[in-house]
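The next block is model-v1.txt, given as compact mmCIF, C-alpha atoms and all ligand atoms.
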```
# COMPACT_ATOMS: atom_id res chain seq x y z
CA MET E 1 133.57 95.88 123.23
CA LEU E 2 135.88 96.79 120.42
CA GLU E 3 133.10 97.02 117.87
CA GLN E 4 131.20 99.58 119.91
CA SER E 5 134.15 101.96 119.76
CA GLU E 6 134.19 101.64 115.99
CA LEU E 7 130.90 103.52 115.85
CA ALA E 8 132.82 106.75 116.28
CA ARG E 9 134.59 106.05 113.01
CA ILE E 10 131.48 105.87 110.84
CA ARG E 11 129.97 108.82 109.01
CA ASN E 12 126.62 108.44 107.28
CA ILE E 13 126.30 111.48 105.10
CA GLY E 14 124.25 112.91 102.28
CA ILE E 15 125.31 115.43 99.69
CA MET E 16 122.68 118.02 98.93
CA ALA E 17 122.76 120.51 96.12
CA HIS E 18 120.83 122.39 93.52
CA ILE E 19 121.19 120.74 90.11
CA ASP E 20 124.43 121.82 88.44
CA ALA E 21 126.11 123.04 91.62
CA GLY E 22 128.55 120.15 91.25
CA LYS E 23 127.23 117.29 93.33
CA THR E 24 128.25 114.62 90.84
CA THR E 25 131.70 116.08 90.30
CA THR E 26 132.31 116.52 94.01
CA THR E 27 131.10 113.01 94.84
CA GLU E 28 133.33 111.53 92.15
CA ARG E 29 136.32 113.45 93.39
CA MET E 30 135.61 112.32 96.93
CA LEU E 31 135.48 108.72 95.76
CA PHE E 32 138.66 109.26 93.79
CA TYR E 33 140.57 110.65 96.75
CA THR E 34 139.31 107.99 99.07
CA GLY E 35 140.95 105.56 96.69
CA LYS E 36 137.91 103.65 95.66
CA VAL E 37 137.66 104.90 92.12
CA HIS E 38 140.42 103.33 90.09
CA ARG E 39 141.79 104.90 87.01
CA ILE E 40 141.64 102.98 83.81
CA GLY E 41 144.75 102.80 81.64
CA GLU E 42 148.28 103.58 82.62
CA VAL E 43 148.28 107.10 81.32
CA ASP E 44 149.82 109.72 83.55
CA LYS E 45 147.98 110.33 86.79
CA GLY E 46 145.93 113.49 86.34
CA THR E 47 144.75 113.10 82.78
CA ALA E 48 143.71 109.47 83.12
CA THR E 49 141.41 110.46 85.95
CA MET E 50 139.93 113.26 83.95
CA ASP E 51 139.38 111.06 80.89
CA TRP E 52 137.69 108.46 82.95
CA MET E 53 135.45 110.95 84.63
CA SER E 54 134.39 112.77 81.52
CA GLN E 55 133.61 109.45 79.84
CA GLU E 56 131.40 108.51 82.71
CA GLN E 57 129.69 111.85 82.60
CA GLU E 58 129.15 111.69 78.87
CA ARG E 59 127.43 108.36 79.22
CA GLY E 60 125.39 109.79 82.06
CA ILE E 61 126.41 107.01 84.40
CA THR E 62 126.03 107.67 88.04
CA ILE E 63 128.59 105.72 89.98
CA THR E 64 126.87 105.93 93.33
CA SER E 65 124.33 103.41 94.51
CA ALA E 66 121.75 104.27 97.18
CA ALA E 67 124.67 104.13 99.63
CA THR E 68 128.33 104.01 98.65
CA VAL E 69 131.05 103.39 101.18
CA CYS E 70 134.52 104.91 101.05
CA PHE E 71 137.37 105.27 103.53
CA TRP E 72 139.22 108.35 104.67
CA LYS E 73 141.88 108.59 107.36
CA GLY E 74 140.72 105.54 109.29
CA SER E 75 137.00 106.28 109.12
CA SER E 76 134.39 104.85 106.81
CA ILE E 77 132.03 107.23 105.09
CA ASN E 78 128.71 105.99 103.74
CA ILE E 79 127.53 108.43 101.11
CA ILE E 80 123.77 108.17 100.90
CA ASP E 81 122.28 109.25 97.64
CA THR E 82 120.17 112.35 98.16
CA PRO E 83 118.36 113.57 95.05
CA GLY E 84 118.81 117.26 94.29
CA HIS E 85 115.61 117.78 92.40
CA VAL E 86 112.38 118.96 93.99
CA ASP E 87 110.48 116.24 92.15
CA PHE E 88 112.07 113.72 94.47
CA THR E 89 110.93 115.21 97.73
CA VAL E 90 109.89 111.89 99.19
CA GLU E 91 113.19 110.31 98.20
CA VAL E 92 115.00 113.15 99.91
CA GLU E 93 112.98 112.58 103.07
CA ARG E 94 113.93 108.92 102.99
CA SER E 95 117.61 109.57 102.76
CA LEU E 96 117.42 112.31 105.37
CA ARG E 97 115.91 109.79 107.71
CA VAL E 98 118.94 107.50 107.59
CA LEU E 99 121.82 109.92 107.35
CA ASP E 100 123.48 111.60 110.31
CA GLY E 101 125.00 114.62 108.61
CA ALA E 102 125.23 116.30 105.24
CA ILE E 103 127.31 118.43 102.93
CA GLY E 104 125.39 121.25 101.27
CA ILE E 105 127.07 122.13 97.99
CA PHE E 106 126.60 125.61 96.60
CA CYS E 107 127.81 127.25 93.44
CA ALA E 108 130.14 130.18 94.13
CA VAL E 109 128.56 132.13 91.28
CA ALA E 110 124.87 131.41 91.86
CA GLY E 111 124.95 131.02 95.66
CA VAL E 112 121.75 129.67 97.15
CA GLN E 113 119.41 128.42 94.43
CA PRO E 114 115.77 127.36 94.86
CA GLN E 115 116.38 123.63 95.00
CA SER E 116 119.23 123.86 97.44
CA GLU E 117 116.86 125.92 99.55
CA THR E 118 114.15 123.23 99.49
CA VAL E 119 116.47 120.41 100.48
CA TRP E 120 118.16 122.57 103.10
CA ARG E 121 114.83 123.24 104.78
CA GLN E 122 113.95 119.57 104.71
CA ALA E 123 117.23 118.88 106.47
CA ASP E 124 116.38 121.61 109.01
CA ARG E 125 113.21 119.75 109.80
CA TYR E 126 115.17 116.60 110.52
CA GLY E 127 117.79 118.51 112.50
CA VAL E 128 120.61 117.23 110.30
CA PRO E 129 124.01 118.76 111.10
CA ARG E 130 125.67 120.16 108.00
CA ILE E 131 128.77 121.64 106.49
CA ALA E 132 128.59 123.96 103.51
CA TYR E 133 130.91 123.62 100.55
CA ILE E 134 131.08 126.51 98.12
CA ASN E 135 132.12 124.95 94.85
CA LYS E 136 133.15 126.41 91.48
CA MET E 137 135.50 128.95 93.02
CA ASP E 138 137.38 128.89 89.71
CA ARG E 139 134.42 130.15 87.70
CA ILE E 140 134.12 133.69 86.39
CA GLY E 141 131.86 135.61 88.74
CA ALA E 142 132.68 133.47 91.78
CA ASP E 143 131.87 135.47 94.89
CA ALA E 144 132.64 133.63 98.11
CA GLU E 145 131.40 136.33 100.47
CA ARG E 146 128.11 136.72 98.69
CA ALA E 147 127.54 132.96 98.75
CA VAL E 148 128.17 132.85 102.51
CA ARG E 149 125.82 135.79 103.03
CA MET E 150 123.09 133.98 101.08
CA ILE E 151 123.58 130.80 103.09
CA LYS E 152 123.15 132.83 106.25
CA GLU E 153 120.32 135.07 105.16
CA ARG E 154 118.25 133.00 102.77
CA LEU E 155 118.66 129.75 104.61
CA GLY E 156 118.63 131.32 108.07
CA SER E 157 121.65 129.26 109.00
CA ASN E 158 124.48 129.97 111.36
CA ALA E 159 127.14 129.59 108.68
CA VAL E 160 130.70 130.46 109.57
CA PRO E 161 133.73 130.13 107.29
CA ILE E 162 136.57 127.96 108.55
CA GLN E 163 138.64 128.72 105.46
CA LEU E 164 139.41 131.65 103.23
CA PRO E 165 139.95 131.18 99.53
CA LEU E 166 143.28 132.33 98.11
CA GLY E 167 142.26 134.14 94.96
CA SER E 168 139.25 133.35 92.86
CA GLU E 169 138.23 132.62 89.29
CA ASP E 170 141.31 131.79 87.21
CA SER E 171 143.59 132.62 90.08
CA PHE E 172 141.91 130.44 92.71
CA ALA E 173 145.13 128.96 94.02
CA GLY E 174 144.47 127.51 97.43
CA LEU E 175 142.90 127.93 100.83
CA ILE E 176 143.74 129.43 104.18
CA ASP E 177 142.80 127.20 107.07
CA LEU E 178 141.49 129.61 109.72
CA ILE E 179 141.85 127.03 112.47
CA ALA E 180 145.47 126.04 111.85
CA MET E 181 146.27 129.52 110.44
CA LYS E 182 148.14 127.95 107.56
CA ALA E 183 147.87 128.33 103.83
CA TYR E 184 147.49 125.37 101.51
CA VAL E 185 148.57 126.15 98.00
CA TYR E 186 147.99 123.94 94.99
CA GLU E 187 151.12 123.08 93.06
CA ASP E 188 149.62 123.29 89.59
CA SER E 189 146.35 123.60 87.75
CA THR E 190 145.36 119.93 88.17
CA GLY E 191 145.05 120.52 91.91
CA GLU E 192 146.24 117.00 92.68
CA THR E 193 148.85 118.06 95.21
CA TYR E 194 149.17 120.97 97.55
CA ARG E 195 151.76 122.23 99.96
CA GLU E 196 151.45 123.93 103.30
CA ARG E 197 153.02 127.32 103.89
CA GLU E 198 153.01 130.07 106.50
CA LEU E 199 150.63 132.96 105.95
CA LEU E 200 151.96 136.07 104.28
CA GLU E 201 151.65 139.35 106.19
CA ASN E 202 148.59 140.65 104.30
CA GLU E 203 146.91 137.25 104.48
CA ARG E 204 147.46 137.03 108.21
CA ALA E 205 145.49 140.19 109.01
CA LYS E 206 142.50 139.08 106.97
CA ALA E 207 142.64 135.54 108.32
CA GLN E 208 142.86 136.90 111.87
CA HIS E 209 139.68 138.87 111.29
CA TYR E 210 137.78 135.85 110.04
CA ARG E 211 139.21 133.65 112.75
CA GLU E 212 137.75 136.03 115.31
CA ILE E 213 134.35 135.74 113.69
CA LEU E 214 134.67 131.96 113.98
CA LEU E 215 135.75 132.20 117.64
CA GLU E 216 132.88 134.55 118.42
CA ALA E 217 130.40 132.14 116.86
CA LEU E 218 131.82 129.27 118.90
CA SER E 219 131.92 131.32 122.10
CA GLU E 220 128.18 131.81 121.97
CA TYR E 221 127.76 128.19 122.95
CA ASP E 222 131.05 127.43 124.60
CA ASP E 223 131.71 129.18 127.92
CA ASN E 224 135.27 127.89 128.25
CA LEU E 225 136.20 129.18 124.87
CA MET E 226 134.39 132.44 125.56
CA GLU E 227 136.48 132.98 128.69
CA LYS E 228 139.72 132.33 126.91
CA TYR E 229 138.68 134.49 124.01
CA LEU E 230 137.81 137.42 126.25
CA GLU E 231 141.03 137.03 128.22
CA GLY E 232 142.96 136.98 125.00
CA SER E 233 144.55 133.63 125.90
CA ARG E 234 145.95 131.38 123.23
CA ILE E 235 143.38 128.97 121.85
CA SER E 236 144.80 125.91 120.16
CA ALA E 237 143.66 124.50 116.85
CA GLU E 238 142.62 121.31 118.63
CA GLU E 239 140.40 123.24 121.03
CA ILE E 240 138.72 125.05 118.18
CA LYS E 241 138.17 121.83 116.27
CA ARG E 242 136.68 120.13 119.29
CA SER E 243 134.34 123.01 119.98
CA LEU E 244 133.39 123.31 116.33
CA ARG E 245 132.54 119.61 116.15
CA LYS E 246 130.33 119.98 119.18
CA GLN E 247 128.57 123.09 117.93
CA THR E 248 128.05 121.70 114.44
CA ILE E 249 126.37 118.64 115.88
CA ALA E 250 124.48 120.13 118.82
CA ASN E 251 123.77 123.70 117.78
CA HIS E 252 123.81 123.51 114.04
CA LEU E 253 126.65 125.82 113.39
CA VAL E 254 127.53 125.36 109.73
CA PRO E 255 131.26 125.34 108.94
CA VAL E 256 131.86 126.76 105.46
CA LEU E 257 134.58 125.48 103.12
CA TYR E 258 135.50 126.43 99.56
CA GLY E 259 136.74 124.61 96.52
CA SER E 260 136.62 123.78 92.90
CA SER E 261 135.82 120.12 92.55
CA PHE E 262 136.36 120.32 88.83
CA LYS E 263 139.95 121.45 89.42
CA ASN E 264 140.43 119.01 92.32
CA LYS E 265 140.83 121.86 94.76
CA GLY E 266 139.37 121.73 98.23
CA VAL E 267 137.97 118.20 98.06
CA GLN E 268 140.52 116.58 100.35
CA MET E 269 139.93 119.26 102.98
CA LEU E 270 136.21 118.70 102.58
CA LEU E 271 136.75 115.01 103.37
CA ASP E 272 138.73 116.02 106.46
CA ALA E 273 135.84 118.23 107.54
CA VAL E 274 133.35 115.36 107.14
CA ILE E 275 135.38 113.37 109.64
CA ASP E 276 136.15 116.31 111.91
CA TYR E 277 132.74 117.96 112.18
CA LEU E 278 129.90 115.69 111.09
CA PRO E 279 128.43 113.28 113.64
CA SER E 280 129.03 109.57 113.93
CA PRO E 281 126.12 107.24 114.78
CA ALA E 282 127.28 107.49 118.41
CA ASP E 283 126.60 111.24 118.40
CA ILE E 284 122.97 111.15 117.36
CA PRO E 285 119.96 110.76 119.63
CA PRO E 286 118.26 107.34 119.89
CA VAL E 287 115.51 106.61 117.36
CA SER E 288 111.94 106.30 118.57
CA GLY E 289 109.42 103.61 117.87
CA ILE E 290 106.70 101.44 119.32
CA ASP E 291 107.48 98.25 121.20
CA THR E 292 105.31 95.64 119.48
CA GLY E 293 105.06 93.61 122.68
CA THR E 294 103.78 96.34 124.98
CA GLY E 295 102.43 98.87 122.50
CA GLN E 296 104.42 101.52 124.39
CA ALA E 297 106.82 104.09 123.00
CA THR E 298 110.42 102.98 123.09
CA THR E 299 113.82 104.00 121.75
CA ARG E 300 116.83 102.26 120.24
CA ARG E 301 120.30 103.65 120.66
CA ALA E 302 123.41 103.01 118.62
CA ASP E 303 124.76 100.03 120.49
CA VAL E 304 126.02 96.82 118.92
CA ASN E 305 125.05 94.89 122.04
CA GLU E 306 121.38 95.83 121.99
CA PRO E 307 118.73 93.89 120.03
CA LEU E 308 118.67 94.43 116.29
CA CYS E 309 116.69 97.32 114.90
CA ALA E 310 117.04 98.51 111.31
CA LEU E 311 115.12 100.58 108.80
CA ALA E 312 114.75 99.68 105.12
CA PHE E 313 115.02 102.90 103.14
CA LYS E 314 115.49 101.89 99.54
CA ILE E 315 114.64 98.90 97.39
CA ALA E 316 116.60 98.68 94.18
CA ALA E 317 116.54 96.29 91.26
CA ASP E 318 120.00 94.91 90.70
CA PRO E 319 121.17 93.13 87.55
CA TYR E 320 123.31 90.65 89.51
CA VAL E 321 121.34 89.68 92.55
CA GLY E 322 117.78 90.73 91.85
CA LYS E 323 116.34 92.80 94.63
CA LEU E 324 118.62 94.81 96.89
CA THR E 325 117.18 96.13 100.12
CA TYR E 326 119.20 98.99 101.61
CA PHE E 327 118.86 99.51 105.31
CA ARG E 328 120.33 101.44 108.18
CA ILE E 329 121.08 99.47 111.30
CA TYR E 330 120.31 101.53 114.39
CA SER E 331 121.10 98.97 117.05
CA GLY E 332 122.42 95.43 117.35
CA ARG E 333 123.99 93.29 114.69
CA LEU E 334 122.90 91.22 111.76
CA GLN E 335 124.54 88.12 110.30
CA THR E 336 124.32 86.66 106.84
CA GLY E 337 122.05 83.62 106.89
CA SER E 338 120.04 84.79 109.87
CA TYR E 339 116.36 85.59 110.11
CA VAL E 340 114.93 88.95 111.02
CA LEU E 341 111.43 90.11 111.73
CA ASN E 342 109.74 92.66 109.53
CA SER E 343 107.68 94.06 112.38
CA VAL E 344 105.40 96.11 110.16
CA LYS E 345 104.26 93.07 108.18
CA GLY E 346 104.75 90.60 111.01
CA GLN E 347 106.81 88.37 108.72
CA LYS E 348 110.19 86.74 109.02
CA GLU E 349 112.78 87.42 106.36
CA ARG E 350 115.99 85.51 105.70
CA VAL E 351 119.13 87.49 104.93
CA SER E 352 120.88 85.45 102.28
CA LYS E 353 123.62 88.00 101.58
CA LEU E 354 124.86 91.25 103.04
CA LEU E 355 126.67 93.67 100.77
CA LYS E 356 128.69 96.84 101.15
CA MET E 357 128.52 98.86 97.98
CA HIS E 358 131.80 100.50 97.02
CA ALA E 359 132.11 102.88 94.09
CA ASN E 360 133.51 100.22 91.81
CA HIS E 361 132.77 96.89 93.45
CA ARG E 362 130.55 95.20 95.96
CA GLU E 363 131.82 93.39 98.98
CA GLU E 364 130.08 90.49 100.66
CA ILE E 365 130.19 90.75 104.43
CA ALA E 366 129.32 88.19 107.08
CA GLU E 367 127.97 90.65 109.61
CA ALA E 368 126.75 94.23 109.81
CA LEU E 369 126.71 96.30 112.97
CA ALA E 370 124.79 99.18 114.55
CA GLY E 371 125.48 102.49 112.85
CA ASP E 372 126.15 101.00 109.47
CA ILE E 373 124.33 101.11 106.16
CA VAL E 374 124.30 97.97 104.05
CA ALA E 375 122.33 96.26 101.30
CA GLY E 376 120.67 92.91 101.89
CA VAL E 377 119.75 90.22 99.41
CA GLY E 378 116.96 87.72 99.99
CA PHE E 379 114.26 89.98 101.42
CA LYS E 380 111.01 88.94 99.81
CA ASP E 381 108.44 91.28 101.18
CA THR E 382 110.08 94.25 102.86
CA GLY E 383 109.17 97.70 101.61
CA THR E 384 110.69 101.12 102.03
CA GLY E 385 110.14 102.54 105.50
CA GLU E 386 109.61 99.20 107.20
CA THR E 387 111.41 98.13 110.33
CA LEU E 388 113.55 95.00 110.61
CA CYS E 389 114.26 93.76 114.10
CA SER E 390 114.98 90.78 116.30
CA GLU E 391 112.08 88.40 116.79
CA GLU E 392 112.27 88.65 120.57
CA TYR E 393 112.37 92.42 120.84
CA GLY E 394 109.91 93.71 118.27
CA VAL E 395 109.85 97.39 117.49
CA ILE E 396 108.29 99.52 114.78
CA LEU E 397 110.19 102.69 114.06
CA GLU E 398 108.22 105.86 113.45
CA PRO E 399 106.83 106.01 109.91
CA MET E 400 109.18 108.06 107.84
CA ASP E 401 107.46 109.87 105.03
CA PHE E 402 106.13 113.28 105.79
CA PRO E 403 102.52 113.52 104.72
CA GLU E 404 102.57 117.19 103.79
CA PRO E 405 104.13 118.32 100.52
CA VAL E 406 107.15 120.58 100.79
CA ILE E 407 106.15 123.95 99.42
CA ASP E 408 108.53 126.33 101.17
CA VAL E 409 109.91 127.71 97.96
CA ALA E 410 106.56 128.43 96.40
CA ILE E 411 105.35 130.19 99.52
CA GLU E 412 108.44 132.30 99.85
CA ALA E 413 108.41 133.29 96.22
CA LYS E 414 105.12 135.13 96.71
P1 LIG U 1 125.24 118.23 89.68
O1 LIG U 1 124.08 118.46 88.77
O2 LIG U 1 125.11 119.02 90.93
O3 LIG U 1 125.55 116.80 89.92
O4 LIG U 1 126.49 118.92 88.95
P2 LIG U 1 127.70 118.29 88.14
O5 LIG U 1 128.72 117.74 89.03
O6 LIG U 1 127.17 117.42 87.06
O7 LIG U 1 128.29 119.61 87.53
C1 LIG U 1 127.55 120.44 86.66
C2 LIG U 1 128.50 121.12 85.68
O8 LIG U 1 129.37 121.99 86.38
C3 LIG U 1 129.39 120.14 84.94
O9 LIG U 1 129.57 120.61 83.63
C4 LIG U 1 130.69 120.18 85.72
O10 LIG U 1 131.80 119.88 84.92
C5 LIG U 1 130.73 121.63 86.17
N1 LIG U 1 131.47 121.79 87.44
C6 LIG U 1 131.35 121.06 88.57
N2 LIG U 1 132.19 121.52 89.53
C7 LIG U 1 132.84 122.57 88.96
C8 LIG U 1 133.86 123.46 89.44
O11 LIG U 1 134.33 123.38 90.58
N3 LIG U 1 134.25 124.42 88.58
C9 LIG U 1 133.76 124.54 87.31
N4 LIG U 1 134.23 125.52 86.54
N5 LIG U 1 132.83 123.71 86.84
C10 LIG U 1 132.37 122.74 87.64
```
Written as structure tokens, that's how I'd like the structure from this file.
Amino acid sequence: MLEQSELARIRNIGIMAHIDAGKTTTTERMLFYTGKVHRIGEVDKGTATMDWMSQEQERGITITSAATVCFWKGSSINIIDTPGHVDFTVEVERSLRVLDGAIGIFCAVAGVQPQSETVWRQADRYGVPRIAYINKMDRIGADAERAVRMIKERLGSNAVPIQLPLGSEDSFAGLIDLIAMKAYVYEDSTGETYRERELLENERAKAQHYREILLEALSEYDDNLMEKYLEGSRISAEEIKRSLRKQTIANHLVPVLYGSSFKNKGVQMLLDAVIDYLPSPADIPPVSGIDTGTGQATTRRADVNEPLCALAFKIAADPYVGKLTYFRIYSGRLQTGSYVLNSVKGQKERVSKLLKMHANHREEIAEALAGDIVAGVGFKDTGTGETLCSEEYGVILEPMDFPEPVIDVAIEAK
């Protein structure tokens, strides 16, 4: 069916960062570029955006709900709110449970900081594929290589740059794409537009070196690529991208990108990387649970034609509609006006409204499908972590909160 093929065009992602690394700024820029954040006023393009954003920041408003949808190059990206502070460990676990991939944001000056380390390890535990984004390349003291080294060494990750920054600090002017072997140079300091150009001679040698490191990392898992690499045959950008997508999802290779969200640099390429390298719901393993009829273990896979199975992960009070219940649909479909079974409580719930939350508006939808994340109105007695399913095919998904506290940082500090 047509809808099943649409699964490949969904990305459910979280954005993880130490406080101050730039999560808010990066998220806002992503929402801006995906066209869902509208400027106020008719002032000229760049400044109006900036004014709007600083106003929002001054008032401390966070524009993301528990899940905010945006669209990029034909795919829809659900950004699931992932708290950056260690105090919200349980909240982090909840969002990790429903997302399929994540962006880890690091500060180019500070590198890996304690809280990014905590969340990163939580994501390791859930086997969440990730890309790393080294932000604040424009700041004094920015050190891209050191940040990558820290991501590898302190986080024990297989991080591999897929870009090289062109300049740093005040002169951070663009990025070299190591896959396409092209340079992307920002036209002016606002970073709104960039142009593609061929690599200069000195850039080419350095890029070649880093491209080989990328190819070596990919070859470890990819025999075809390994053969071509050893033979010295030409390897196309498409082949590298395909292999990188596979390795990021299956073997947790971590593609590294750079940028300065504040200066609008690197964010559009980061969005491309979300689509190119992070998994869709079709790429992740089935979820496990218990069949309430037989008491036996069972699984649900991302298929719109299977019975409904969803997980409530966040209950929020909403000024317009009262209680909003956010859930991830793992299999099947759900229509407005229908009844679902809360299999944990053994109670039926009626879905009076289904909403997609955009950055600046909410959209009522008639139906939600496997793979998607939506908010429901009308649920009376469904709590976080509870399973919603079809009445005929009852299932209870594995409980989601980890009982043990996360104390990695404290232990390692000793
Ligand atoms: P969060 O705590 O991770 O959400 O971080 P914010 O997005 O609120 O950013 C923290 C501070 O760093 C703010 O003052 C931002 O303006 C600033 N900031 C964010 N990204 C950049 C960047 O790329 N370059 C510079 N120089 N500052 C940035």
- Query: Using all atoms listed in the file, which of the listed residues (E:Val109, E:Ala8, E:Leu96, E:Ala368) sits closest to Arg125 of chain E?
  - Reply: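 Answer, going by the shortest atom-to-atom distance: E:Leu96.
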- Query: Ser260 of chain E: which residues within 10 Å, counting only C-alpha atoms, same-chain residues fewer than 3 positions away excluded, as a list in words?
  - Reply: Gly22, Thr25, Thr26, Cys107, Ala108, Tyr133, Ile134, Asn135, Lys136, Met137, Asp138, Arg139, Ser168, Glu169, Phe172, Gly174, Gly191, Lys263, Asn264, Lys265, Gly266 and Val267 of chain E
- Query: List as an NGL selection string: which residues have an atom within 10 Å of (108.7, 100.6, 122.4), counting only C-alpha atoms?
  - Reply: :E and (288-300 or 393-397)
- What does the distance from atom CA of Asp143 of chain E to atom CA of Gly111 of chain E come to in Å, to one decimal?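 Those two atoms sit 8.3 Å apart.
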- Kindly give the distance, in Å, that separates atom CA of Gly376 of chain E and atom CA of Ser75 of chain E, rounded to a single decimal. 22.3 Å
- Note on the structure: Of E:Asp170, E:Asp20, E:Glu227, E:Glu238, the one nearest to ligand LIG 1 (chain U) when counting all atoms listed in the file is E:Asp20
- Message: Just want the 12 Å neighbourhood of Arg97 of chain E, counted on all atoms listed in the file, with same-chain residues fewer than 6 positions away dropped. Output as a PyMOL selection string.
- Response: chain E and resi 12-14+80-82+90-91+122-128+287+310-314+327-328+330+384-385+397-402
- Have a look at E:Asn360, E:Ser76, E:Asn305, E:Thr68 and name the one nearest to Leu334 of chain E; count only C-alpha atoms.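 Of all the options, E:Asn305 lies closest to Leu334 of chain E.
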- Query: Mind pulling up the distance from atom CA of Leu164 of chain E to atom CA of Ala273 of chain E?
  - Reply: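 For atom CA of Ala273 of chain E relative to atom CA of Leu164 of chain E, the distance reads 14.5 Å.
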- Could you tell me which of E:Ala282, E:Ile19, E:Leu200, E:Leu369 comes closest to Glu306 of chain E if we count all atoms listed in the file? E:Leu369
- Message: The residues within 12 Å of (145.1, 140.7, 107.8), using all atoms listed in the file and the coordinates of the file, should be reported as a count of residues only; which are they?
- Response: 18
- Task: Find the residue from E:Gly378, E:Val254, E:Val351, E:Arg195 that sits nearest to Val148 of chain E; use all atoms listed in the file when measuring.
- Result: E:Val254
- Item | Proximity to ligand LIG 1 (chain U) - best of E:Tyr258, E:Val98, E:Arg130, E:Ser236, only C-alpha atoms and all ligand atoms |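 For ligand LIG 1 (chain U), the nearest of the candidates is E:Tyr258.
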- Which neighbours of Ile10 of chain E fall inside 8 Å, counting all atoms listed in the file, when residues of the same chain fewer than 6 positions from it are skipped, and could you give them as number ranges by chain? E: 75-78, 280-281, 371-372
Write out as a PDB file with C-alpha atoms, keeping the file's coordinate frame which residues come within 10 Å of Met226 of chain E when counting all atoms listed in the file, dropping same-chain ones fewer than 5 positions away.
```
ATOM      1  CA  LEU E 215     135.750 132.200 117.640  1.00  0.00           C
ATOM      2  CA  GLU E 216     132.880 134.550 118.420  1.00  0.00           C
ATOM      3  CA  ALA E 217     130.400 132.140 116.860  1.00  0.00           C
ATOM      4  CA  LEU E 218     131.820 129.270 118.900  1.00  0.00           C
ATOM      5  CA  SER E 219     131.920 131.320 122.100  1.00  0.00           C
ATOM      6  CA  GLU E 220     128.180 131.810 121.970  1.00  0.00           C
ATOM      7  CA  TYR E 221     127.760 128.190 122.950  1.00  0.00           C
ATOM      8  CA  GLU E 231     141.030 137.030 128.220  1.00  0.00           C
ATOM      9  CA  GLY E 232     142.960 136.980 125.000  1.00  0.00           C
TER      10      GLY E 232
END
```
Save C-alpha atoms of segment 89-117 of chain E from the block above as an mmCIF file, in the first residue's frame.
```cif
data_model
loop_
_atom_site.group_PDB
_atom_site.id
_atom_site.type_symbol
_atom_site.label_atom_id
_atom_site.label_comp_id
_atom_site.auth_asym_id
_atom_site.auth_seq_id
_atom_site.Cartn_x
_atom_site.Cartn_y
_atom_site.Cartn_z
ATOM 1 C CA THR E 89 16.809 11.452 33.506
ATOM 2 C CA VAL E 90 13.449 9.716 33.460
ATOM 3 C CA GLU E 91 12.113 12.176 30.896
ATOM 4 C CA VAL E 92 15.131 11.484 28.736
ATOM 5 C CA GLU E 93 14.487 7.759 28.967
ATOM 6 C CA ARG E 94 10.909 8.334 27.873
ATOM 7 C CA SER E 95 11.846 10.267 24.808
ATOM 8 C CA LEU E 96 14.628 7.829 23.965
ATOM 9 C CA ARG E 97 12.055 5.096 23.973
ATOM 10 C CA VAL E 98 10.010 6.667 21.187
ATOM 11 C CA LEU E 99 12.650 8.212 18.967
ATOM 12 C CA ASP E 100 14.537 6.365 16.252
ATOM 13 C CA GLY E 101 17.622 8.529 15.975
ATOM 14 C CA ALA E 102 19.224 11.584 17.499
ATOM 15 C CA ILE E 103 21.460 14.566 16.939
ATOM 16 C CA GLY E 104 24.074 15.077 19.650
ATOM 17 C CA ILE E 105 24.998 18.744 19.795
ATOM 18 C CA PHE E 106 28.391 19.699 21.157
ATOM 19 C CA CYS E 107 30.045 23.030 21.726
ATOM 20 C CA ALA E 108 33.163 23.477 19.586
ATOM 21 C CA VAL E 109 34.911 25.213 22.487
ATOM 22 C CA ALA E 110 33.914 22.960 25.390
ATOM 23 C CA GLY E 111 33.627 19.662 23.491
ATOM 24 C CA VAL E 112 32.067 16.857 25.480
ATOM 25 C CA GLN E 113 30.564 18.164 28.724
ATOM 26 C CA PRO E 114 29.229 16.082 31.621
ATOM 27 C CA GLN E 115 25.560 16.299 30.705
ATOM 28 C CA SER E 116 26.080 15.492 27.076
ATOM 29 C CA GLU E 117 27.995 12.487 28.329
#
```
